[in-house]
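Worksheet: the structure to be examined is printed underneath.
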Amino acid sequence: MSTAKQDTRRAAKPQQDSPWPHVRLSETDRLETFSDSVLSITITLLVAEIVRPEYASGQLLEKLTAQWASYIAFLASFCYAGVIWLNHRAVFARVRYCDRSLHLANLFLLLTSALIPLPTAILSAAIQSGNQFDAKVAVTLYAAIAGSMCLAWLVVFHVLTIHPYLVEDGVGPDFFPKERFRAWAGVILYAVAGLAGWLSTPKLAMLIFLALPVFYGVTSEGLTETRLRLQFGKAHRHAIAKGDHEGLRSE
């Protein structure tokens with residue numbers, strides 16, 4: 001947590017700003033520290049999925065190359081865990097206090113996030129085996145767990161929407177209600193990917209699996225505060241101001 005944020009919170013009194021003084025509020029320090037620890041352990045354990053190959057003399061390169069799917073699974077899981085951490089950091093940079101409901105929602109999020117490497121490894125092994133049915137099962141499992149993680153994000157955003165006293169003062173009242181769209185998009189698209197992978201081809205599902213982490217990485221600061229949207233808004237405001245200035249000059 002930043003020093004500025006700590007100083008601000010030391011000067012604030014949780015019960016003073018809450019219209020529900022009976023609600024037990026706490027600082028986010030322990031929640032953020034615990035969450036960072038869980039995500040860092042998850043990332044650290046990913047390398048265990050890459051097995052050291054047994055090889056005869058002169059066959060090391062061949063054996064290492066044969067494990068290409070494990071390397072892709074490791075990179076995919078690492079990047080996805082990194083995206084989860086970026087989103088988690090951005091959310092709790094806007095959270096001032098925690099209550100019991102937010103703690104429970106965060107535990108649900110950490111549970112689903114910690115499970116992500118499992119279906120990724122299973123999917124890579126199924127693709128490597130070449131069995132179509134196994135690939136369909138692996139795709140469905142991945143879609144179910146990833147969709148559950150998006151559902152957990154939806155719960156977090158919903159708690160912050162209905163408990164505005166948990167949010168920092170500078171955060172707009174429509175920020176977290178709009179963030180629920182990102183979570184719903186993941187729930188729906190992962191469900192579509194699971195059905196497409198089972199009923200049609202796993203390749204279509206994998207395209208969605210690759211696209212969604214990119215989307216969540218680009219929008220990690222929120223739908224209303226992505227760099228592209230901010231730049232577009234800045235250019236739009238500049239164009240309006242320029243037009244108004246030229247209009248005044250013409251008068």
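Residue numbers start at 1 in each chain; chains themselves are named A, B, ... in the order of the structure tokens; ligands are numbered from 1 in the order shown.
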Leaving out A:Tyr80 and any residue of its chain fewer than 6 positions from it, which residues lie within 9 Å of it when counting only C-alpha atoms, given as JSON, numbers by chain?
{"A": [116, 117, 213, 214, 217]}
What would the file look like if the residues just selected were written as a short mmCIF file (atom, residue, chain, number, x, y, z; two decimals), in the first residue's frame with all heavy atoms?
data_model
loop_
_atom_site.label_atom_id
_atom_site.label_comp_id
_atom_site.auth_asym_id
_atom_site.auth_seq_id
_atom_site.Cartn_x
_atom_site.Cartn_y
_atom_site.Cartn_z
N ILE A 116 -6.91 -21.51 -11.27
CA ILE A 116 -6.69 -21.29 -12.70
C ILE A 116 -5.54 -22.13 -13.28
O ILE A 116 -5.67 -22.69 -14.38
CB ILE A 116 -6.46 -19.79 -12.98
CG1 ILE A 116 -7.79 -19.03 -12.90
CG2 ILE A 116 -5.84 -19.55 -14.36
CD1 ILE A 116 -8.79 -19.40 -13.97
N PRO A 117 -4.39 -22.28 -12.60
CA PRO A 117 -3.31 -23.08 -13.19
C PRO A 117 -3.70 -24.54 -13.44
O PRO A 117 -3.16 -25.18 -14.35
CB PRO A 117 -2.19 -22.99 -12.14
CG PRO A 117 -2.46 -21.71 -11.43
CD PRO A 117 -3.95 -21.60 -11.36
N PRO A 213 -8.11 -12.76 -21.26
CA PRO A 213 -7.05 -12.18 -20.40
C PRO A 213 -6.47 -10.89 -20.98
O PRO A 213 -6.11 -9.98 -20.22
CB PRO A 213 -5.99 -13.29 -20.35
CG PRO A 213 -6.75 -14.54 -20.60
CD PRO A 213 -7.82 -14.16 -21.58
N VAL A 214 -6.38 -10.81 -22.32
CA VAL A 214 -5.90 -9.58 -22.94
C VAL A 214 -6.86 -8.43 -22.64
O VAL A 214 -6.46 -7.31 -22.28
CB VAL A 214 -5.74 -9.76 -24.46
CG1 VAL A 214 -5.38 -8.44 -25.14
CG2 VAL A 214 -4.69 -10.82 -24.76
N GLY A 217 -6.52 -7.43 -19.09
CA GLY A 217 -5.26 -6.73 -18.87
C GLY A 217 -5.34 -5.27 -19.34
O GLY A 217 -4.90 -4.36 -18.64
#
Shell around A:Ser101 at 10 Å using only C-alpha atoms, local window under 4 positions removed, as a VMD selection string
chain A and resid 105 to 107 155 to 156 159 to 160 163
Write the residues you've just listed into a file as a CSV table (one decimal), in the first residue's frame, and include N, CA and C atoms for each of them.
chain,number,residue,atom,x,y,z
A,105,ALA,N,-16.2,-12.1,-0.2
A,105,ALA,CA,-16.1,-12.0,-1.6
A,105,ALA,C,-14.7,-12.1,-2.1
A,106,ASN,N,-13.7,-11.5,-1.4
A,106,ASN,CA,-12.3,-11.6,-1.8
A,106,ASN,C,-11.8,-13.1,-1.6
A,107,LEU,N,-12.2,-13.8,-0.6
A,107,LEU,CA,-11.8,-15.2,-0.4
A,107,LEU,C,-12.4,-16.0,-1.6
A,155,VAL,N,-19.2,-10.6,-7.8
A,155,VAL,CA,-19.6,-10.5,-6.4
A,155,VAL,C,-18.8,-9.4,-5.7
A,156,VAL,N,-17.5,-9.2,-6.0
A,156,VAL,CA,-16.7,-8.2,-5.4
A,156,VAL,C,-17.3,-6.8,-5.9
A,159,VAL,N,-20.6,-6.0,-4.2
A,159,VAL,CA,-20.5,-5.6,-2.8
A,159,VAL,C,-20.0,-4.1,-2.7
A,160,LEU,N,-19.1,-3.8,-3.6
A,160,LEU,CA,-18.6,-2.4,-3.5
A,160,LEU,C,-19.7,-1.4,-4.1
A,163,HIS,N,-22.3,-1.2,-1.1
A,163,HIS,CA,-21.7,-0.6,0.1
A,163,HIS,C,-20.8,0.5,-0.2
Pick the closest to A:Thr140 from A:Gln128, A:Ile72, A:Gly194, A:Thr33: which is it, counting only C-alpha atoms?
A:Gly194
Option closest in space to A:Lys136, from A:Ala76, A:Val187, A:Leu195, A:Ala56 [counting only C-alpha atoms]
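Checking each of A:Ala76, A:Val187, A:Leu195, A:Ala56 against A:Lys136, counting only C-alpha atoms, the winner is A:Leu195.
Counting from atom CA of A:Gly186, the distance to atom CA of A:Gly172 is 23.3 Å.
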Stretch 87-146 of chain A: which residues are helix (DSSP H, G or I) by DSSP, as an NGL selection string?
:A and (87-92 or 100-115 or 117-129 or 132-146)
Choose the residue, out of A:Leu223, A:Leu39, A:Val139, A:Met149, that has the smallest atom-to-atom separation from A:Leu204; count only C-alpha atoms.
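Comparing A:Leu223, A:Leu39, A:Val139, A:Met149 against A:Leu204, the winner is A:Val139.
Closest approach to A:Val38 among A:Ile84, A:Ile162, A:Leu102, A:Ala93: A:Ile84, based on only C-alpha atoms.
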